[in-house]
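Peer 1: The structure that follows is given in the form of structure tokens.
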Amino acid sequence: MKVRVHGCEPTPRTGAFTLIEVILAVSIATGILVVALVFYQQAAHLRSQLIEEAERLSAIRLVMERITSDLRSAFSQPQIGFTGTTDSMEFVVARPPDVTGSLAPASDLRKVFYYLAASLEGTNFVITGLDRTEETLMAKPTVAGNPTQIMPPVAGATNAAAAAVTEPLAPEIQFVRLRYWDGTGWLEAWDAPDLPFAVEVSLGAEALPMDDVPEAYPAEVFRRVVVLPGRRSSEDDWWAAL
């Protein structure tokens, strides 16, 4: 005979979690989420830096190619000549004219001007990047027996000559250093009817610290020496000394 004693039956175990198990699970999940967010932010920041660096390098490379193309097309025009400083240069290039939609004679000579632009913010000048200005030149006949003069276009002219156009090339460029080879050494400035033999172009993405000289520029610099075909000489090997 079986006797059943009330109150002594074993309590059946349910499938619920205890409070400690719930707190531990939430803590682990939160830790994993925080670690994942930190890695995601670092990856996103690294990706943004790589994109900015790629855009900066691409902008500098394109500007360097543009300057190289203009210097290799430089034309020795005695009335205007070649003028250059450490952060600007002005010269004439020879390029086929654009005669689209115009029957008037056009000039193949254009004056270009590269310079490091800056704007005044408060009491300080802030560099805004490298700019380029181009101006088409016009040939004006003079008295018989005299050479043809070159002059800038007249405002309102209807021929192919256009007014000066300024083009911001790259705001990423904050440092420019130009030097000019005269056949024996590098010069910090050039002002002559003749072209220099070569131009050294140095570009940087950070501004030169105040009171520092260009030789002490602390950041990364991109440098190229461009030989000007319009001044090349076959009588000597001046380029071997570059």
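Within each chain, counting starts at residue 1; across the structure tokens, chains are named A, B, ... in the order shown, with ligands numbered 1 upward in that order.
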Tell me, as a PyMOL selection string, which residues lie within 12 Å of range 59-68 of chain A, counting only C-alpha atoms; anything in the same chain fewer than 2 positions away does not count.
Peer 2: chain A and resi 52-57+70-74+88-91+93+112-115+129-132+167-176+178+198-205+220-229
Peer 1: Separation of CA of Ala118 in chain A and CA of Asp87 in chain A, in Å?
Peer 2: 11.7 Å
Peer 1: For Glu206 in chain A, which of A:Phe75, A:Ser48, A:Ala219, A:Asn124 is the closest residue, counting only C-alpha atoms?
Peer 2: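 Smallest separation from Glu206 in chain A among the options: A:Ala219.
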Peer 1: For Pro96 in chain A, which residue among A:Gly183, A:Ile51, A:Thr136, A:Leu116 is the nearest when counting only C-alpha atoms?
Peer 2: A:Thr136
Peer 1: How many Å separate CA of Ala164 in chain A from CA of Phe82 in chain A?
Peer 2: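 Calculated distance between CA of Ala164 in chain A and CA of Phe82 in chain A is 17.7 Å.
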Peer 1: So that I can check the surroundings of Trp181 in chain A, please list as a list in words every protein, DNA and RNA residue that reaches within 6 Å of it, counting only C-alpha atoms and ignoring chain neighbours fewer than 5 positions away.
Peer 2: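 Here the answer would be Trp186, Pro196, Phe197 and Ala198 of chain A.
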Peer 1: Atoms to include: C-alpha atoms. Write the selected residues as a tab-separated table (two decimals), in the first residue's frame.
Peer 2:
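So the final result, stored in part-v3.tsv, reads:
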```tsv
chain	number	residue	atom	x	y	z
A	186	TRP	CA	69.50	77.09	-59.47
A	196	PRO	CA	65.15	79.23	-68.15
A	197	PHE	CA	66.66	75.90	-69.15
A	198	ALA	CA	64.56	74.03	-66.58
```
Peer 1: Rounded to one decimal in Å, what is the spacing between CA of Ala189 in chain A and CA of Ala163 in chain A?
Peer 2: 27.3 Å
